[in-house]
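Structure file structure_11.cif with mmCIF, C-alpha atoms and all ligand atoms; chains and numbers go by the auth columns:
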```cif
data_input
#
loop_
_atom_site.group_PDB
_atom_site.id
_atom_site.type_symbol
_atom_site.label_atom_id
_atom_site.label_comp_id
_atom_site.label_asym_id
_atom_site.label_seq_id
_atom_site.Cartn_x
_atom_site.Cartn_y
_atom_site.Cartn_z
_atom_site.B_iso_or_equiv
_atom_site.auth_seq_id
_atom_site.auth_asym_id
ATOM 1 C CA MET A 1 10.222 -16.605 6.035 0.00 1 A
ATOM 2 C CA ILE A 2 11.390 -15.663 2.541 0.00 2 A
ATOM 3 C CA THR A 3 13.861 -18.026 0.921 0.00 3 A
ATOM 4 C CA GLY A 4 17.073 -17.109 -0.845 0.00 4 A
ATOM 5 C CA ILE A 5 15.659 -18.346 -4.126 0.00 5 A
ATOM 6 C CA GLU A 6 12.705 -16.038 -3.719 0.00 6 A
ATOM 7 C CA ILE A 7 14.988 -13.119 -2.891 0.00 7 A
ATOM 8 C CA GLY A 8 17.054 -13.779 -5.997 0.00 8 A
ATOM 9 C CA TYR A 9 13.935 -13.982 -8.123 0.00 9 A
ATOM 10 C CA ALA A 10 12.253 -11.134 -6.384 0.00 10 A
ATOM 11 C CA SER A 11 15.072 -8.621 -6.542 0.00 11 A
ATOM 12 C CA GLN A 12 14.466 -8.383 -10.272 0.00 12 A
ATOM 13 C CA MET A 13 10.883 -7.298 -9.964 0.00 13 A
ATOM 14 C CA ILE A 14 10.150 -4.837 -7.203 0.00 14 A
ATOM 15 C CA ASN A 15 8.157 -2.827 -9.711 0.00 15 A
ATOM 16 C CA PRO A 16 6.238 -4.343 -12.624 0.00 16 A
ATOM 17 C CA GLN A 17 6.874 -3.286 -16.180 0.00 17 A
ATOM 18 C CA LYS A 18 4.834 -0.284 -17.246 0.00 18 A
ATOM 19 C CA ASN A 19 2.829 -2.383 -19.668 0.00 19 A
ATOM 20 C CA CYS A 20 2.407 -5.407 -17.381 0.00 20 A
ATOM 21 C CA GLN A 21 -0.226 -7.661 -18.950 0.00 21 A
ATOM 22 C CA ILE A 22 -0.494 -10.310 -16.255 0.00 22 A
ATOM 23 C CA CYS A 23 -4.052 -9.273 -15.351 0.00 23 A
ATOM 24 C CA PRO A 24 -6.018 -8.974 -18.606 0.00 24 A
ATOM 25 C CA ARG A 25 -8.920 -7.068 -17.060 0.00 25 A
ATOM 26 C CA LEU A 26 -6.641 -4.485 -15.435 0.00 26 A
ATOM 27 C CA ALA A 27 -4.467 -4.161 -18.533 0.00 27 A
ATOM 28 C CA GLY A 28 -7.655 -3.555 -20.535 0.00 28 A
ATOM 29 C CA PHE A 29 -8.876 -0.955 -18.044 0.00 29 A
ATOM 30 C CA ARG A 30 -5.487 0.739 -18.223 0.00 30 A
ATOM 31 C CA PHE A 31 -5.750 0.842 -22.031 0.00 31 A
ATOM 32 C CA GLU A 32 -9.196 2.477 -21.767 0.00 32 A
ATOM 33 C CA ASN A 33 -7.839 5.025 -19.312 0.00 33 A
ATOM 34 C CA ILE A 34 -4.874 5.883 -21.513 0.00 34 A
ATOM 35 C CA LYS A 35 -7.361 6.870 -24.199 0.00 35 A
ATOM 36 C CA LYS A 36 -9.727 8.615 -21.807 0.00 36 A
ATOM 37 C CA TYR A 37 -7.152 10.358 -19.613 0.00 37 A
ATOM 38 C CA PRO A 38 -3.988 10.715 -21.704 0.00 38 A
ATOM 39 C CA ASP A 39 -2.375 13.017 -19.132 0.00 39 A
ATOM 40 C CA TYR A 40 -2.623 10.445 -16.330 0.00 40 A
ATOM 41 C CA PHE A 41 0.192 8.114 -15.259 0.00 41 A
ATOM 42 C CA ASN A 42 -1.902 5.065 -16.301 0.00 42 A
ATOM 43 C CA ALA A 43 0.571 2.313 -15.365 0.00 43 A
ATOM 44 C CA PRO A 44 1.364 0.041 -12.425 0.00 44 A
ATOM 45 C CA VAL A 45 2.187 2.451 -9.604 0.00 45 A
ATOM 46 C CA PRO A 46 5.707 1.831 -8.276 0.00 46 A
ATOM 47 C CA VAL A 47 6.762 1.612 -4.656 0.00 47 A
ATOM 48 C CA TRP A 48 7.507 4.930 -2.962 0.00 48 A
ATOM 49 C CA SER A 49 10.030 4.711 -0.192 0.00 49 A
ATOM 50 C CA ALA A 50 12.587 6.291 2.060 0.00 50 A
ATOM 51 C CA LYS A 51 16.037 4.769 1.840 0.00 51 A
ATOM 52 C CA SER A 52 16.212 1.619 3.953 0.00 52 A
ATOM 53 C CA PRO A 53 12.649 1.824 5.314 0.00 53 A
ATOM 54 C CA LYS A 54 11.688 0.317 8.675 0.00 54 A
ATOM 55 C CA LEU A 55 7.918 0.541 8.264 0.00 55 A
ATOM 56 C CA VAL A 56 6.015 -0.633 5.187 0.00 56 A
ATOM 57 C CA ILE A 57 2.484 0.649 4.654 0.00 57 A
ATOM 58 C CA VAL A 58 0.527 -1.713 2.423 0.00 58 A
ATOM 59 C CA GLY A 59 -2.505 -0.252 0.674 0.00 59 A
ATOM 60 C CA LEU A 60 -5.050 -1.871 -1.586 0.00 60 A
ATOM 61 C CA ALA A 61 -4.704 -0.470 -5.116 0.00 61 A
ATOM 62 C CA PRO A 62 -4.297 2.893 -6.876 0.00 62 A
ATOM 63 C CA GLY A 63 -7.355 5.106 -7.133 0.00 63 A
ATOM 64 C CA LEU A 64 -8.337 6.062 -10.669 0.00 64 A
ATOM 65 C CA LYS A 65 -7.912 9.792 -10.084 0.00 65 A
ATOM 66 C CA GLY A 66 -5.391 9.431 -7.257 0.00 66 A
ATOM 67 C CA ALA A 67 -2.259 7.328 -7.679 0.00 67 A
ATOM 68 C CA ASN A 68 -3.251 6.219 -11.179 0.00 68 A
ATOM 69 C CA ARG A 69 -3.274 9.886 -12.155 0.00 69 A
ATOM 70 C CA THR A 70 -0.174 11.048 -10.308 0.00 70 A
ATOM 71 C CA GLY A 71 1.972 7.889 -10.364 0.00 71 A
ATOM 72 C CA ARG A 72 2.753 7.971 -6.625 0.00 72 A
ATOM 73 C CA PRO A 73 0.964 5.790 -4.058 0.00 73 A
ATOM 74 C CA PHE A 74 -1.944 7.502 -2.271 0.00 74 A
ATOM 75 C CA THR A 75 -1.147 10.813 -3.952 0.00 75 A
ATOM 76 C CA GLY A 76 -4.020 12.913 -5.242 0.00 76 A
ATOM 77 C CA ASP A 77 -7.098 11.503 -3.548 0.00 77 A
ATOM 78 C CA PHE A 78 -8.833 11.680 -0.186 0.00 78 A
ATOM 79 C CA ALA A 79 -7.105 8.606 1.244 0.00 79 A
ATOM 80 C CA GLY A 80 -3.791 10.336 0.623 0.00 80 A
ATOM 81 C CA ASP A 81 -4.938 13.506 2.382 0.00 81 A
ATOM 82 C CA LEU A 82 -5.503 11.572 5.603 0.00 82 A
ATOM 83 C CA LEU A 83 -2.476 9.323 5.208 0.00 83 A
ATOM 84 C CA PHE A 84 0.028 12.118 4.553 0.00 84 A
ATOM 85 C CA GLN A 85 -1.461 14.374 7.222 0.00 85 A
ATOM 86 C CA THR A 86 -0.979 11.520 9.693 0.00 86 A
ATOM 87 C CA LEU A 87 2.545 10.681 8.532 0.00 87 A
ATOM 88 C CA ALA A 88 3.515 14.334 8.974 0.00 88 A
ATOM 89 C CA LYS A 89 2.141 14.363 12.535 0.00 89 A
ATOM 90 C CA ALA A 90 4.220 11.282 13.365 0.00 90 A
ATOM 91 C CA GLY A 91 7.355 12.850 11.881 0.00 91 A
ATOM 92 C CA LEU A 92 7.402 10.264 9.107 0.00 92 A
ATOM 93 C CA SER A 93 7.561 12.808 6.296 0.00 93 A
ATOM 94 C CA GLU A 94 9.226 16.127 5.536 0.00 94 A
ATOM 95 C CA GLY A 95 7.888 18.844 3.291 0.00 95 A
ATOM 96 C CA LYS A 96 4.378 19.858 2.338 0.00 96 A
ATOM 97 C CA TYR A 97 2.083 17.330 0.764 0.00 97 A
ATOM 98 C CA GLN A 98 0.448 18.957 -2.246 0.00 98 A
ATOM 99 C CA SER A 99 -1.340 16.060 -3.942 0.00 99 A
ATOM 100 C CA SER A 100 1.259 15.829 -6.670 0.00 100 A
ATOM 101 C CA ALA A 101 4.177 13.467 -7.265 0.00 101 A
ATOM 102 C CA ASP A 102 6.510 16.444 -7.674 0.00 102 A
ATOM 103 C CA ASP A 103 5.544 18.224 -4.446 0.00 103 A
ATOM 104 C CA GLY A 104 8.953 17.456 -2.921 0.00 104 A
ATOM 105 C CA LEU A 105 7.520 15.458 -0.013 0.00 105 A
ATOM 106 C CA VAL A 106 10.113 13.098 1.493 0.00 106 A
ATOM 107 C CA LEU A 107 9.341 9.986 3.564 0.00 107 A
ATOM 108 C CA ASN A 108 11.241 9.230 6.771 0.00 108 A
ATOM 109 C CA GLY A 109 11.774 5.518 7.390 0.00 109 A
ATOM 110 C CA VAL A 110 8.620 4.568 5.533 0.00 110 A
ATOM 111 C CA MET A 111 7.749 2.703 2.363 0.00 111 A
ATOM 112 C CA ILE A 112 4.308 2.849 0.758 0.00 112 A
ATOM 113 C CA VAL A 113 3.200 0.104 -1.592 0.00 113 A
ATOM 114 C CA ASN A 114 -0.088 -1.264 -2.868 0.00 114 A
ATOM 115 C CA ALA A 115 -1.057 -4.944 -2.804 0.00 115 A
ATOM 116 C CA VAL A 116 -2.333 -4.466 -6.366 0.00 116 A
ATOM 117 C CA ARG A 117 -0.297 -2.079 -8.490 0.00 117 A
ATOM 118 C CA CYS A 118 -2.854 -1.281 -11.206 0.00 118 A
ATOM 119 C CA VAL A 119 -6.080 0.637 -10.771 0.00 119 A
ATOM 120 C CA PRO A 120 -9.075 -1.727 -10.768 0.00 120 A
ATOM 121 C CA PRO A 121 -12.567 -0.786 -11.959 0.00 121 A
ATOM 122 C CA GLN A 122 -14.692 0.442 -9.035 0.00 122 A
ATOM 123 C CA ASN A 123 -11.611 0.130 -6.792 0.00 123 A
ATOM 124 C CA LYS A 124 -12.282 -3.599 -6.551 0.00 124 A
ATOM 125 C CA PRO A 125 -9.585 -6.038 -7.649 0.00 125 A
ATOM 126 C CA VAL A 126 -10.699 -9.659 -7.950 0.00 126 A
ATOM 127 C CA ALA A 127 -8.938 -12.473 -6.119 0.00 127 A
ATOM 128 C CA ALA A 128 -7.002 -13.585 -9.193 0.00 128 A
ATOM 129 C CA GLU A 129 -5.571 -10.068 -9.608 0.00 129 A
ATOM 130 C CA ILE A 130 -4.574 -9.818 -5.960 0.00 130 A
ATOM 131 C CA ASN A 131 -2.835 -13.182 -6.293 0.00 131 A
ATOM 132 C CA ALA A 132 -1.187 -12.239 -9.580 0.00 132 A
ATOM 133 C CA CYS A 133 0.323 -9.064 -8.156 0.00 133 A
ATOM 134 C CA ARG A 134 1.564 -10.700 -4.938 0.00 134 A
ATOM 135 C CA PRO A 135 5.020 -11.581 -6.342 0.00 135 A
ATOM 136 C CA PHE A 136 5.723 -7.854 -6.528 0.00 136 A
ATOM 137 C CA LEU A 137 4.864 -7.453 -2.858 0.00 137 A
ATOM 138 C CA LEU A 138 7.049 -10.433 -2.068 0.00 138 A
ATOM 139 C CA SER A 139 9.936 -9.013 -4.068 0.00 139 A
ATOM 140 C CA THR A 140 9.572 -5.665 -2.338 0.00 140 A
ATOM 141 C CA MET A 141 9.718 -7.333 1.074 0.00 141 A
ATOM 142 C CA ALA A 142 12.619 -9.540 0.087 0.00 142 A
ATOM 143 C CA ALA A 143 14.622 -6.560 -1.107 0.00 143 A
ATOM 144 C CA ASN A 144 14.074 -4.764 2.224 0.00 144 A
ATOM 145 C CA PRO A 145 14.833 -7.306 4.949 0.00 145 A
ATOM 146 C CA GLN A 146 15.480 -4.483 7.432 0.00 146 A
ATOM 147 C CA ALA A 147 11.769 -3.590 7.269 0.00 147 A
ATOM 148 C CA LYS A 148 10.123 -5.687 9.965 0.00 148 A
ATOM 149 C CA VAL A 149 7.010 -3.664 10.716 0.00 149 A
ATOM 150 C CA PHE A 150 4.076 -3.616 8.312 0.00 150 A
ATOM 151 C CA LEU A 151 0.819 -1.710 8.413 0.00 151 A
ATOM 152 C CA ALA A 152 -2.011 -3.146 6.331 0.00 152 A
ATOM 153 C CA LEU A 153 -4.676 -0.668 5.280 0.00 153 A
ATOM 154 C CA GLY A 154 -7.774 -2.815 4.985 0.00 154 A
ATOM 155 C CA ARG A 155 -8.576 -6.484 4.979 0.00 155 A
ATOM 156 C CA ILE A 156 -7.348 -7.173 1.430 0.00 156 A
ATOM 157 C CA ALA A 157 -3.896 -5.787 2.192 0.00 157 A
ATOM 158 C CA HIS A 158 -3.873 -7.732 5.472 0.00 158 A
ATOM 159 C CA GLU A 159 -4.735 -10.998 3.733 0.00 159 A
ATOM 160 C CA SER A 160 -2.310 -10.447 0.887 0.00 160 A
ATOM 161 C CA PHE A 161 0.466 -9.820 3.404 0.00 161 A
ATOM 162 C CA LEU A 162 -0.376 -13.046 5.277 0.00 162 A
ATOM 163 C CA ARG A 163 -0.390 -15.034 2.055 0.00 163 A
ATOM 164 C CA THR A 164 2.916 -13.433 1.075 0.00 164 A
ATOM 165 C CA ILE A 165 4.583 -14.754 4.219 0.00 165 A
ATOM 166 C CA GLY A 166 2.764 -18.092 4.037 0.00 166 A
ATOM 167 C CA LYS A 167 0.499 -17.718 7.073 0.00 167 A
ATOM 168 C CA ARG A 168 -3.037 -19.053 7.539 0.00 168 A
ATOM 169 C CA LEU A 169 -5.627 -16.297 7.374 0.00 169 A
ATOM 170 C CA ALA A 170 -7.749 -17.902 10.107 0.00 170 A
ATOM 171 C CA ALA A 171 -4.866 -17.728 12.563 0.00 171 A
ATOM 172 C CA TYR A 172 -4.481 -13.954 12.183 0.00 172 A
ATOM 173 C CA PRO A 173 -7.924 -12.338 11.730 0.00 173 A
ATOM 174 C CA PHE A 174 -8.115 -8.747 10.533 0.00 174 A
ATOM 175 C CA LYS A 175 -9.054 -6.286 13.268 0.00 175 A
ATOM 176 C CA HIS A 176 -8.482 -2.558 13.331 0.00 176 A
ATOM 177 C CA GLY A 177 -5.678 -1.764 15.761 0.00 177 A
ATOM 178 C CA ALA A 178 -4.532 -5.374 16.073 0.00 178 A
ATOM 179 C CA MET A 179 -0.838 -6.230 16.117 0.00 179 A
ATOM 180 C CA HIS A 180 0.179 -9.663 14.829 0.00 180 A
ATOM 181 C CA GLU A 181 3.649 -11.009 15.586 0.00 181 A
ATOM 182 C CA PHE A 182 5.556 -13.519 13.445 0.00 182 A
ATOM 183 C CA ASN A 183 9.002 -15.097 13.297 0.00 183 A
ATOM 184 C CA ASP A 184 12.158 -13.000 12.917 0.00 184 A
ATOM 185 C CA GLY A 185 10.611 -9.955 14.590 0.00 185 A
ATOM 186 C CA VAL A 186 8.139 -9.333 11.770 0.00 186 A
ATOM 187 C CA VAL A 187 5.031 -7.495 12.969 0.00 187 A
ATOM 188 C CA LEU A 188 1.806 -6.618 11.176 0.00 188 A
ATOM 189 C CA PHE A 189 -0.536 -3.858 12.323 0.00 189 A
ATOM 190 C CA ASP A 190 -4.070 -3.637 10.944 0.00 190 A
ATOM 191 C CA SER A 191 -6.034 -0.514 10.152 0.00 191 A
ATOM 192 C CA TYR A 192 -9.242 0.132 8.329 0.00 192 A
ATOM 193 C CA HIS A 193 -8.403 1.707 4.994 0.00 193 A
ATOM 194 C CA CYS A 194 -8.200 5.506 5.179 0.00 194 A
ATOM 195 C CA SER A 195 -10.741 5.886 2.375 0.00 195 A
ATOM 196 C CA ARG A 196 -13.297 8.659 2.184 0.00 196 A
ATOM 197 C CA TYR A 197 -16.064 6.065 2.555 0.00 197 A
ATOM 198 C CA ASN A 198 -14.645 4.747 5.833 0.00 198 A
ATOM 199 C CA THR A 199 -14.128 8.200 7.283 0.00 199 A
ATOM 200 C CA ASN A 200 -17.511 9.532 6.105 0.00 200 A
ATOM 201 C CA THR A 201 -19.259 6.584 7.727 0.00 201 A
ATOM 202 C CA LYS A 202 -17.117 6.958 10.881 0.00 202 A
ATOM 203 C CA VAL A 203 -15.865 3.408 10.508 0.00 203 A
ATOM 204 C CA LEU A 204 -12.474 5.115 10.781 0.00 204 A
ATOM 205 C CA THR A 205 -11.878 8.421 12.541 0.00 205 A
ATOM 206 C CA GLU A 206 -8.715 10.518 12.300 0.00 206 A
ATOM 207 C CA GLU A 207 -7.952 9.617 15.908 0.00 207 A
ATOM 208 C CA MET A 208 -8.312 5.884 15.234 0.00 208 A
ATOM 209 C CA PHE A 209 -6.020 6.137 12.234 0.00 209 A
ATOM 210 C CA GLU A 210 -3.421 8.211 14.043 0.00 210 A
ATOM 211 C CA SER A 211 -3.395 5.750 16.912 0.00 211 A
ATOM 212 C CA VAL A 212 -2.462 2.784 14.740 0.00 212 A
ATOM 213 C CA VAL A 213 0.040 4.708 12.575 0.00 213 A
ATOM 214 C CA PHE A 214 1.793 6.027 15.668 0.00 214 A
ATOM 215 C CA ALA A 215 1.841 2.534 17.231 0.00 215 A
ATOM 216 C CA ALA A 216 3.373 1.036 14.089 0.00 216 A
ATOM 217 C CA ALA A 217 5.944 3.832 13.851 0.00 217 A
ATOM 218 C CA GLU A 218 6.885 3.403 17.496 0.00 218 A
ATOM 219 C CA LYS A 219 7.307 -0.340 17.028 0.00 219 A
ATOM 220 C CA ALA A 220 9.523 0.343 14.003 0.00 220 A
ATOM 221 C CA GLY A 221 11.584 2.796 16.078 0.00 221 A
ATOM 222 C CA ILE A 222 10.934 5.745 13.760 0.00 222 A
ATOM 223 C CA LEU A 223 8.339 7.771 15.675 0.00 223 A
ATOM 224 C CA ARG A 224 9.646 11.310 16.150 0.00 224 A
HETATM 225 S S1 LIG B . -2.096 -5.688 -10.995 0.00 1 B
HETATM 226 FE FE1 LIG B . 0.066 -6.278 -10.849 0.00 1 B
HETATM 227 S S2 LIG B . 0.214 -8.276 -11.901 0.00 1 B
HETATM 228 FE FE2 LIG B . -1.752 -7.349 -12.500 0.00 1 B
HETATM 229 S S3 LIG B . -1.317 -6.256 -14.434 0.00 1 B
HETATM 230 FE FE3 LIG B . -1.035 -4.775 -12.750 0.00 1 B
HETATM 231 S S4 LIG B . 1.139 -4.874 -12.226 0.00 1 B
HETATM 232 FE FE4 LIG B . 0.669 -6.695 -13.457 0.00 1 B
#
```
Re-express the file's structure as structure tokens.
Amino acid sequence: MITGIEIGYASQMINPQKNCQICPRLAGFRFENIKKYPDYFNAPVPVWSAKSPKLVIVGLAPGLKGANRTGRPFTGDFAGDLLFQTLAKAGLSEGKYQSSADDGLVLNGVMIVNAVRCVPPQNKPVAAEINACRPFLLSTMAANPQAKVFLALGRIAHESFLRTIGKRLAAYPFKHGAMHEFNDGVVLFDSYHCSRYNTNTKVLTEEMFESVVFAAAEKAGILR
């Protein structure tokens, strides 16, 4: 699935440089935010992971006042409230989530990463930015070959994952609760993104989200 050359290349770049300029629009937005919110993290948000994770949760991109503020994926906004509440119920975290990168929360068997590492305006990365950031997702996967189970939060994460492993999008359509199986035991679960919009509109309920997180954790062998 991922070649040795890619692994060698990728192992250098699990996390982008703090001043990554590959996406001019996002680098410009970051510059504006540094001036506007000097106390925020305001940089590509790095992977957050347990040691040797078995389940990788792939989100879309940092929220302006969430991960872009705190520097930890999903930390500090509504999506994180639901995600971390659900991880705790599944035994995939230890400690109390307190919306801050220094709250001492520890992940069990899980990695959390975004398909796009920099906050985009209006939470909407464009296709070129999703493509430009994909090498970092690839490098993260290549550096963690023991992680076979993936959970995509939303269609963009789903499609970026498929492109990362070289699969046709039409062959694996996004559907909440779906499980897609690939070579080498790799499995992708789909969930609607745990955003406030999706939960307010009842596109995603807590029960629906728990169901797919628990299924992914069970498949990864880390459900407690
Ligand atoms: S989104 Fe990714 S590739 Fe684009 S500037 Fe940020 S870190 Fe670099």
Would you kindly translate the PyMOL selection byres (((chain A and resi 56) around 10) and not hetatm) into the concrete residues it picks from this file, as an MDAnalysis selection string?
chainID A and resid 48:49 53:55 57:59 109:113 140:141 144 147:152 188 216:217 220
Which protein, DNA or RNA residues have an atom within 10 Å of ligand LIG 1 (chain B), counting only C-alpha atoms and all ligand atoms, as number ranges by chain?
A: 15-30, 43-46, 61-62, 114-120, 125-126, 128-137
Run the PyMOL selection byres (((chain A and resi 90) around 8) and not hetatm) on the file and write out the hits as number ranges by chain.
A: 86-89, 91-93, 213-214, 217, 223-224
Put those residues in a file: C-alpha atoms, as a PDB file, keeping the file's coordinate frame.
```
ATOM      1  CA  THR A  86      -0.979  11.520   9.693  1.00  0.00           C
ATOM      2  CA  LEU A  87       2.545  10.681   8.532  1.00  0.00           C
ATOM      3  CA  ALA A  88       3.515  14.334   8.974  1.00  0.00           C
ATOM      4  CA  LYS A  89       2.141  14.363  12.535  1.00  0.00           C
ATOM      5  CA  GLY A  91       7.355  12.850  11.881  1.00  0.00           C
ATOM      6  CA  LEU A  92       7.402  10.264   9.107  1.00  0.00           C
ATOM      7  CA  SER A  93       7.561  12.808   6.296  1.00  0.00           C
ATOM      8  CA  VAL A 213       0.040   4.708  12.575  1.00  0.00           C
ATOM      9  CA  PHE A 214       1.793   6.027  15.668  1.00  0.00           C
ATOM     10  CA  ALA A 217       5.944   3.832  13.851  1.00  0.00           C
ATOM     11  CA  LEU A 223       8.339   7.771  15.675  1.00  0.00           C
ATOM     12  CA  ARG A 224       9.646  11.310  16.150  1.00  0.00           C
TER      13      ARG A 224
END
```
What is the CA of Lys36 in chain A to CA of Gly76 in chain A distance in Å?
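Separation between CA of Lys36 in chain A and CA of Gly76 in chain A: 18.0 Å.
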Selected by the PyMOL selection byres (((chain A and resi 169) around 12) and not hetatm) in the shown coordinates: which residues, as an NGL selection string?
:A and (155-168 or 170-174 or 180)
May I have the residues within 9 Å of Ala67 in chain A as an MDAnalysis selection string, using all atoms listed in the file and disregarding those fewer than 3 positions away in the same chain?
chainID A and resid 41:42 45 61:64 70:77 80 101 119
List every protein, DNA or RNA residue that has at least one atom no more than 9 Å from (-6.9, -2.2, 13.7) in the file's coordinates, counting all atoms listed in the file, and write the result as a ChimeraX atom specification.
/A:152-154,174-179,189-192,208-209,212
From A:Glu218, A:Asp103, A:Asp81, A:Asp184, residue lying nearest Thr199 in chain A [only C-alpha atoms]:
A:Asp81
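Relative to CA of Gly95 in chain A, CA of Ile222 in chain A is found at 17.0 Å.
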Nearest to Val106 in chain A by atom-to-atom distance, counting all atoms listed in the file, from A:Glu94, A:Asn68, A:Glu206, A:Gln146
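Among the listed residues, the smallest separation from Val106 in chain A belongs to A:Glu94.
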What separates CA of Leu82 in chain A and CA of His193 in chain A is a distance of 10.3 Å
Given only C-alpha atoms as the counted atoms, nearest of A:Gln98, A:Leu60, A:Val203, A:Pro121 to Glu32 in chain A:
A:Pro121
Rebuild range 26-33 of chain A to all heavy atoms - output it as a compact mmCIF listing (two decimals), keeping the file's coordinate frame, please.
```txt
# COMPACT_ATOMS: atom_id res chain seq x y z
N LEU A 26 -7.26 -5.74 -15.86
CA LEU A 26 -6.64 -4.49 -15.44
C LEU A 26 -5.83 -3.86 -16.57
O LEU A 26 -5.79 -2.63 -16.70
CB LEU A 26 -5.77 -4.72 -14.20
CG LEU A 26 -6.51 -5.29 -12.97
CD1 LEU A 26 -5.62 -5.24 -11.74
CD2 LEU A 26 -7.82 -4.55 -12.72
N ALA A 27 -5.20 -4.70 -17.38
CA ALA A 27 -4.47 -4.16 -18.53
C ALA A 27 -5.45 -3.52 -19.51
O ALA A 27 -5.17 -2.46 -20.09
CB ALA A 27 -3.67 -5.27 -19.21
N GLY A 28 -6.63 -4.12 -19.65
CA GLY A 28 -7.66 -3.56 -20.54
C GLY A 28 -8.18 -2.24 -19.99
O GLY A 28 -8.40 -1.28 -20.75
N PHE A 29 -8.39 -2.19 -18.68
CA PHE A 29 -8.88 -0.96 -18.04
C PHE A 29 -7.84 0.15 -18.21
O PHE A 29 -8.17 1.31 -18.48
CB PHE A 29 -9.17 -1.24 -16.57
CG PHE A 29 -9.89 -0.14 -15.85
CD1 PHE A 29 -11.04 0.45 -16.38
CD2 PHE A 29 -9.45 0.31 -14.61
CE1 PHE A 29 -11.71 1.47 -15.70
CE2 PHE A 29 -10.11 1.33 -13.94
CZ PHE A 29 -11.24 1.90 -14.49
N ARG A 30 -6.57 -0.24 -18.05
CA ARG A 30 -5.49 0.74 -18.22
C ARG A 30 -5.51 1.30 -19.65
O ARG A 30 -5.37 2.52 -19.84
CB ARG A 30 -4.15 0.04 -17.97
CG ARG A 30 -2.95 0.98 -17.98
CD ARG A 30 -1.65 0.20 -18.07
NE ARG A 30 -1.61 -0.87 -17.11
CZ ARG A 30 -1.07 -2.07 -17.36
NH1 ARG A 30 -0.52 -2.33 -18.53
NH2 ARG A 30 -1.05 -2.99 -16.44
N PHE A 31 -5.72 0.42 -20.62
CA PHE A 31 -5.75 0.84 -22.03
C PHE A 31 -6.89 1.85 -22.25
O PHE A 31 -6.72 2.87 -22.91
CB PHE A 31 -5.90 -0.39 -22.92
CG PHE A 31 -5.83 -0.09 -24.38
CD1 PHE A 31 -4.65 0.39 -24.95
CD2 PHE A 31 -6.94 -0.26 -25.20
CE1 PHE A 31 -4.59 0.69 -26.31
CE2 PHE A 31 -6.88 0.04 -26.56
CZ PHE A 31 -5.71 0.51 -27.10
N GLU A 32 -8.05 1.54 -21.65
CA GLU A 32 -9.20 2.48 -21.77
C GLU A 32 -8.84 3.83 -21.16
O GLU A 32 -9.18 4.88 -21.70
CB GLU A 32 -10.40 1.93 -20.98
CG GLU A 32 -11.15 0.82 -21.64
CD GLU A 32 -12.21 0.26 -20.67
OE1 GLU A 32 -12.71 1.03 -19.82
OE2 GLU A 32 -12.51 -0.93 -20.78
N ASN A 33 -8.16 3.77 -20.02
CA ASN A 33 -7.84 5.03 -19.31
C ASN A 33 -6.78 5.84 -20.04
O ASN A 33 -6.78 7.07 -19.96
CB ASN A 33 -7.39 4.72 -17.88
CG ASN A 33 -8.55 4.28 -17.01
OD1 ASN A 33 -9.67 4.76 -17.19
ND2 ASN A 33 -8.30 3.36 -16.10
```
